[in-house]
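Shown next: run25.txt, given as compact mmCIF, C-alpha atoms.
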# COMPACT_ATOMS: atom_id res chain seq x y z
CA MET A 1212 -18.71 31.21 51.34
CA ARG A 1213 -21.98 31.27 53.30
CA SER A 1214 -23.58 28.21 51.79
CA LEU A 1215 -27.27 27.47 51.57
CA VAL A 1216 -26.74 24.11 49.96
CA HIS A 1217 -26.75 20.53 51.08
CA ARG A 1218 -25.63 19.53 47.60
CA THR A 1219 -23.38 22.08 45.94
CA VAL A 1220 -21.73 22.05 42.54
CA LEU A 1221 -18.68 24.27 43.00
CA VAL A 1222 -17.13 25.76 39.88
CA LEU A 1223 -14.05 27.96 40.04
CA LEU A 1224 -14.80 31.21 38.25
CA CYS A 1225 -12.21 33.94 37.89
CA GLY A 1226 -10.32 35.94 35.29
CA CYS A 1227 -8.04 33.08 34.24
CA GLN A 1228 -10.76 30.46 34.05
CA SER A 1229 -13.89 29.77 32.07
CA TYR A 1230 -17.10 28.38 33.46
CA VAL A 1231 -17.19 24.62 33.60
CA ALA A 1232 -20.50 23.24 32.36
CA VAL A 1233 -21.69 20.56 34.76
CA PRO A 1234 -24.54 18.52 33.25
CA VAL A 1235 -27.51 17.80 35.47
CA GLN A 1236 -27.65 14.08 36.09
CA PRO A 1237 -30.91 12.12 36.14
CA ALA A 1238 -30.57 11.73 39.92
CA THR A 1239 -31.04 15.47 40.24
CA LEU A 1240 -34.68 15.11 39.28
CA VAL A 1241 -35.47 12.01 41.30
CA ALA A 1242 -37.14 12.53 44.65
CA VAL A 1243 -37.15 9.91 47.39
CA ALA A 1244 -40.23 10.17 49.59
CA GLN A 1245 -40.93 8.62 52.99
CA HIS A 1246 -41.50 4.89 53.48
CA SER A 1247 -39.10 4.08 50.64
CA ARG A 1248 -41.53 5.25 47.99
CA VAL A 1249 -39.72 6.60 44.94
CA LYS A 1250 -41.31 9.37 42.91
CA VAL A 1251 -39.79 10.60 39.67
CA ALA A 1252 -40.34 14.29 38.99
CA THR A 1253 -41.53 14.86 35.45
CA LYS A 1254 -41.55 18.65 35.77
CA ALA A 1255 -38.77 21.00 36.87
CA ASP A 1256 -38.85 24.75 37.49
CA VAL A 1257 -35.33 26.17 37.29
CA LEU A 1258 -34.34 29.56 38.73
CA LEU A 1259 -30.91 30.97 37.87
CA VAL A 1260 -29.79 33.70 40.29
CA ILE A 1261 -27.11 35.70 38.46
CA ASP A 1262 -24.72 38.18 40.05
CA ASP A 1263 -25.07 41.53 38.26
CA SER A 1264 -22.31 43.43 40.06
CA TYR A 1265 -19.53 45.11 38.08
CA SER A 1266 -17.03 42.37 38.89
CA MET A 1267 -19.05 40.02 36.67
CA SER A 1268 -17.97 41.87 33.52
CA GLY A 1269 -17.06 39.24 30.93
CA LYS A 1270 -18.04 36.36 33.19
CA GLN A 1271 -21.69 36.35 32.16
CA GLN A 1272 -20.61 35.79 28.56
CA ARG A 1273 -18.50 32.81 29.59
CA LEU A 1274 -21.49 31.46 31.48
CA ALA A 1275 -23.66 31.94 28.38
CA ASN A 1276 -21.14 29.98 26.33
CA ALA A 1277 -21.04 27.16 28.89
CA LEU A 1278 -24.84 26.89 28.90
CA GLN A 1279 -24.87 25.71 25.29
CA ASN A 1280 -24.76 22.14 26.61
CA PHE A 1281 -27.47 22.70 29.22
CA THR A 1282 -30.39 21.98 26.90
CA THR A 1283 -28.81 18.85 25.47
CA ALA A 1284 -28.07 17.46 28.93
CA LEU A 1285 -31.61 17.97 30.21
CA ASP A 1286 -33.21 16.73 27.01
CA GLN A 1287 -31.42 13.41 27.47
CA LEU A 1288 -32.95 12.72 30.89
CA GLN A 1289 -35.07 9.60 31.14
CA PRO A 1290 -37.93 9.71 31.75
CA PRO A 1291 -38.24 13.02 29.88
CA VAL A 1292 -38.64 16.11 32.03
CA ASP A 1293 -40.86 19.09 31.23
CA TYR A 1294 -38.62 21.94 32.38
CA GLN A 1295 -38.70 25.70 32.30
CA VAL A 1296 -36.10 28.29 33.26
CA ALA A 1297 -36.24 31.83 34.64
CA VAL A 1298 -33.55 34.28 35.72
CA THR A 1299 -33.27 36.87 38.47
CA SER A 1300 -30.33 39.01 39.58
CA THR A 1301 -28.62 39.34 42.96
CA SER A 1302 -29.47 43.06 43.35
CA VAL A 1303 -31.76 43.72 46.31
CA ASP A 1304 -30.27 46.81 47.97
CA GLU A 1305 -27.00 48.37 49.11
CA ARG A 1306 -26.44 49.56 52.67
CA PHE A 1307 -23.12 51.32 53.16
CA GLY A 1308 -21.30 53.50 55.65
CA ALA A 1309 -22.92 55.87 58.09
CA CYS A 1310 -24.92 59.08 57.71
CA GLY A 1311 -27.27 61.34 59.56
CA PRO A 1312 -29.70 62.67 60.35
CA ALA A 1313 -31.99 60.03 58.89
CA GLY A 1314 -34.07 61.27 55.96
CA ASP A 1315 -32.15 64.50 55.57
CA GLN A 1316 -31.73 65.44 51.91
CA TYR A 1317 -28.22 66.71 52.47
CA ALA A 1318 -27.24 63.48 54.20
CA ALA A 1319 -28.66 61.58 51.23
CA ALA A 1320 -26.67 63.75 48.83
CA GLN A 1321 -23.53 63.00 50.83
CA CYS A 1322 -24.33 59.28 50.53
CA ASN A 1323 -24.56 59.63 46.76
CA SER A 1324 -21.22 61.40 46.70
CA ASP A 1325 -19.47 59.01 49.10
CA TRP A 1326 -20.60 55.84 47.33
CA GLY A 1327 -20.57 56.97 43.73
CA ALA A 1328 -24.15 56.29 42.70
CA PRO A 1329 -27.48 58.16 42.73
CA GLY A 1330 -30.53 57.09 44.67
CA PHE A 1331 -29.17 56.67 48.20
CA THR A 1332 -31.19 57.72 51.22
CA CYS A 1333 -30.09 58.05 54.84
CA ASP A 1334 -32.18 55.34 56.48
CA PRO A 1335 -33.52 55.18 60.07
CA GLY A 1336 -30.47 53.14 61.05
CA PHE A 1337 -28.20 56.03 59.96
CA ALA A 1338 -26.75 54.16 57.00
CA CYS A 1339 -26.71 54.98 53.30
CA LEU A 1340 -29.37 52.83 51.64
CA ARG A 1341 -29.93 52.31 47.92
CA THR A 1342 -32.77 50.07 46.73
CA PHE A 1343 -33.38 48.36 43.40
CA PRO A 1344 -36.97 48.35 42.08
CA ARG A 1345 -36.45 45.03 40.25
CA ALA A 1346 -35.27 43.20 43.37
CA GLY A 1347 -36.47 39.61 43.27
CA LYS A 1348 -38.25 40.08 39.94
CA LEU A 1349 -37.74 37.72 37.03
CA PHE A 1350 -35.51 39.21 34.35
CA GLN A 1351 -36.24 39.25 30.63
CA ALA A 1352 -33.25 40.10 28.48
CA PRO A 1353 -33.61 41.97 25.17
CA GLY A 1354 -34.43 39.57 22.36
CA VAL A 1355 -35.63 36.81 24.69
CA PRO A 1356 -39.29 36.11 23.85
CA ALA A 1357 -40.56 35.25 27.34
CA ILE A 1358 -39.74 35.95 30.97
CA ILE A 1359 -40.05 32.21 31.67
CA LEU A 1360 -38.49 30.00 29.00
CA LYS A 1361 -40.56 26.84 28.62
CA ARG A 1362 -38.57 24.12 26.91
CA ALA A 1363 -41.66 22.74 25.17
CA ASP A 1364 -42.20 26.05 23.34
CA TYR A 1365 -38.94 26.03 21.37
CA THR A 1366 -36.58 23.87 19.40
CA ALA A 1367 -33.41 22.79 21.21
CA ALA A 1368 -31.35 25.35 19.28
CA GLN A 1369 -33.79 28.16 20.00
CA PHE A 1370 -34.01 27.33 23.70
CA ALA A 1371 -30.22 27.19 24.07
CA THR A 1372 -29.82 30.54 22.32
CA TYR A 1373 -32.51 32.27 24.38
CA LEU A 1374 -31.14 30.85 27.63
CA ALA A 1375 -27.64 32.09 26.79
CA ASP A 1376 -29.08 35.58 26.24
CA ALA A 1377 -31.26 35.39 29.36
CA VAL A 1378 -28.32 35.10 31.77
CA LYS A 1379 -26.79 38.38 30.57
CA VAL A 1380 -28.39 40.45 33.30
CA GLY A 1381 -25.89 43.31 33.07
CA VAL A 1382 -23.25 44.50 35.52
CA ASP A 1383 -24.72 47.73 36.89
CA GLY A 1384 -26.42 46.16 39.89
CA ALA A 1385 -25.69 46.14 43.61
CA ARG A 1386 -22.03 45.90 44.55
CA GLN A 1387 -22.82 43.51 47.39
CA PRO A 1388 -24.88 40.58 46.00
CA GLN A 1389 -27.83 39.26 47.95
CA GLY A 1390 -28.57 36.15 45.94
CA MET A 1391 -30.34 34.21 48.68
CA GLU A 1392 -32.72 37.04 49.47
CA ALA A 1393 -33.36 37.59 45.73
CA MET A 1394 -34.11 33.88 45.39
CA LYS A 1395 -36.60 34.00 48.26
CA MET A 1396 -38.33 37.06 46.84
CA ALA A 1397 -38.59 35.50 43.37
CA LEU A 1398 -39.95 32.16 44.55
CA ALA A 1399 -42.35 33.75 47.05
CA ASP A 1400 -44.04 35.84 44.35
CA PRO A 1401 -47.11 33.87 43.21
CA SER A 1402 -47.68 36.25 40.32
CA SER A 1403 -44.46 35.24 38.57
CA GLY A 1404 -45.92 31.94 37.36
CA LEU A 1405 -42.62 30.14 37.78
CA LEU A 1406 -43.62 27.49 40.31
CA ARG A 1407 -45.93 24.81 38.95
CA ASP A 1408 -47.79 22.30 41.04
CA GLY A 1409 -45.88 19.04 41.31
CA ALA A 1410 -42.70 20.41 39.77
CA LYS A 1411 -39.29 20.08 41.34
CA VAL A 1412 -37.60 23.40 42.16
CA VAL A 1413 -34.00 23.74 41.00
CA VAL A 1414 -32.07 26.87 42.06
CA ALA A 1415 -28.56 27.76 40.89
CA PHE A 1416 -26.60 30.71 42.25
CA LEU A 1417 -23.93 32.16 39.95
CA SER A 1418 -21.64 34.73 41.53
CA ASP A 1419 -18.05 35.72 42.22
CA ALA A 1420 -18.58 37.14 45.71
CA GLU A 1421 -19.88 36.40 49.18
CA ASP A 1422 -23.63 36.51 49.74
CA CYS A 1423 -24.59 39.62 51.71
CA SER A 1424 -28.32 39.01 52.22
CA ASP A 1425 -29.56 41.32 54.99
CA PRO A 1426 -33.29 42.00 54.60
CA ALA A 1427 -33.52 43.34 58.17
CA HIS A 1428 -30.84 45.96 57.43
CA ARG A 1429 -28.78 45.03 60.46
CA ALA A 1430 -25.42 45.92 58.95
CA SER A 1431 -23.56 48.18 56.56
CA SER A 1432 -21.81 45.93 54.05
CA LEU A 1433 -19.15 48.51 53.19
CA VAL A 1434 -17.76 51.09 55.61
CA ARG A 1435 -14.87 53.53 55.52
CA ASP A 1436 -12.02 53.43 58.00
CA PRO A 1437 -12.22 56.87 59.68
CA ALA A 1438 -8.44 57.04 60.02
CA THR A 1439 -7.36 56.04 56.51
CA GLY A 1440 -10.53 56.34 54.41
CA ALA A 1441 -10.02 52.78 53.17
CA ILE A 1442 -13.16 50.80 52.37
CA ILE A 1443 -13.74 47.78 54.61
CA ASP A 1444 -15.92 44.94 53.34
CA LYS A 1445 -17.87 43.91 56.45
CA CYS A 1446 -19.81 41.26 54.52
CA ALA A 1447 -16.60 39.50 53.53
CA GLN A 1448 -15.28 39.78 57.08
CA GLU A 1449 -18.36 38.13 58.56
CA SER A 1450 -18.44 35.46 55.87
CA ALA A 1451 -14.83 34.54 56.66
CA SER A 1452 -15.32 34.51 60.44
CA ASP A 1453 -15.73 31.45 62.64
CA GLY A 1454 -19.28 32.44 63.57
CA SER A 1455 -18.43 33.32 67.16
CA ASN A 1456 -19.63 36.91 66.82
CA LEU A 1457 -23.26 37.98 66.67
CA PRO A 1458 -24.20 37.68 62.97
CA ALA A 1459 -25.42 40.73 61.12
CA LEU A 1460 -26.20 38.95 57.86
CA GLU A 1461 -29.37 36.89 57.57
CA PRO A 1462 -28.82 33.33 58.85
CA VAL A 1463 -28.67 30.74 56.09
CA ALA A 1464 -31.28 28.75 58.03
CA THR A 1465 -33.86 31.39 57.05
CA TYR A 1466 -33.50 30.42 53.40
CA VAL A 1467 -33.24 26.70 54.07
CA ASN A 1468 -36.49 26.85 56.03
CA PHE A 1469 -38.14 28.88 53.29
CA LEU A 1470 -37.29 26.25 50.68
CA ARG A 1471 -38.42 23.45 52.97
CA ALA A 1472 -41.78 25.20 53.42
CA LEU A 1473 -42.61 25.24 49.69
CA LYS A 1474 -45.65 23.05 49.11
CA ASN A 1475 -47.54 21.42 46.29
CA ALA A 1476 -51.32 21.64 46.08
CA ASP A 1477 -51.70 18.36 47.97
CA GLY A 1478 -49.81 19.79 50.94
CA ASN A 1479 -46.67 17.75 50.39
CA SER A 1480 -43.32 19.53 50.38
CA LYS A 1481 -41.79 20.34 47.05
CA GLU A 1482 -38.59 18.61 46.04
CA VAL A 1483 -35.82 21.21 45.93
CA GLU A 1484 -32.29 21.05 44.53
CA VAL A 1485 -29.81 23.88 45.04
CA ALA A 1486 -26.39 24.45 43.49
CA ALA A 1487 -23.84 27.23 43.36
CA LEU A 1488 -21.29 28.21 40.75
CA VAL A 1489 -18.92 30.60 42.45
CA SER A 1490 -15.33 31.80 42.37
CA LEU A 1491 -12.77 31.20 45.06
CA ALA A 1492 -10.14 33.73 46.10
CA GLY A 1493 -6.65 32.85 45.06
CA THR A 1494 -7.53 30.16 42.52
CA CYS A 1495 -5.79 31.88 39.61
CA GLY A 1496 -2.22 30.93 38.87
CA THR A 1497 0.40 33.65 38.62

Written form, structure tokens:
Amino acid sequence: MRSLVHRTVLVLLCGCQSYVAVPVQPATLVAVAQHSRVKVATKADVLLVIDDSYSMSGKQQRLANALQNFTTALDQLQPPVDYQVAVTSTSVDERFGACGPAGDQYAAAQCNSDWGAPGFTCDPGFACLRTFPRAGKLFQAPGVPAIILKRADYTAAQFATYLADAVKVGVDGARQPQGMEAMKMALADPSSGLLRDGAKVVVAFLSDAEDCSDPAHRASSLVRDPATGAIIDKCAQESASDGSNLPALEPVATYVNFLRALKNADGNSKEVEVAALVSLAGTCGT
């Protein structure tokens, strides 16, 4: 797995397993500054980046069930923390196969046919490109009263219920998740209102696949073998490689540097904590 994290909570997530709820410990919200000064964060802005590809069918519900203990765990932190939570999905775009000529309506129609979804275009790089208008936007599920759930606005029971509903982002999104790029887009949008001055930023990625973030559109994530017609997952191939080849996917350092550059109003860097709950291939018993 291409990992963004210097501290990662790894949870095995697959068909034979349920999500494991890992409570956030008080140390998660304690920041150690320079010169041995210790500063305790009293505010936390939490972004959950949820995979909305079809393979997540059923898994979002298990996540929702596991999150029932989330509110209780955070409410027990001392000193108390004023926290809020928002959700975004991993759908940014899909770039598959090859096509041409670029911009041709018939080439675009062939893309739709080849990849089984409407809305593809043949882009200048001669690949089939499908974009998602809600890429990097905060998601508000039906029945959830706000796009950002502020803990102070609800009882513990209400907050837990709304949060469980909020993570059900659907499973009709991009087949190749781009969680890191979605995270960057969401946190870089000042209009979202998620990031508060002085608050610690906590990001959790929840997926069952490799991250395929490629904002520069350097690669086609899925291609067809011209001889057999079999689909080859180029994202998975690169993620599993030893890094000796020229990378097509966006370097993880891009996202690390983005998080490090987040500032509070006084110019000091924000404290950031990142975790991932992902599945591993071959973890299910037979």

Please determine, counting all atoms listed in the file, which residue among A:Ala1346, A:Val1382, A:Ala1420, A:Val1355 has the shortest atom-to-atom distance to Thr1299 in chain A.
A:Ala1346

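Proximity to Leu1259 in chain A was assessed for A:Ser1418, A:Gln1287, A:Gln1369, A:Thr1332 counting all atoms listed in the file; the smallest distance is recorded for A:Ser1418.
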
When distances are computed from all atoms listed in the file, which of A:Pro1437, A:Glu1392, A:Ala1410, A:Val1489 shows the smallest separation from Tyr1466 in chain A?
A:Glu1392

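If you measure from each of A:Cys1423, A:Ile1358, A:Ala1375, A:Ala1430 to Phe1337 in chain A using only C-alpha atoms, the closest one turns out to be A:Ala1430.
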
Skipping near chain neighbours, those fewer than 3 positions away, what residues fall within 12 Å of Gln1316 in chain A using only C-alpha atoms, listed as a PyMOL selection string?
chain A and resi 1310-1313+1319-1323+1330-1334+1339
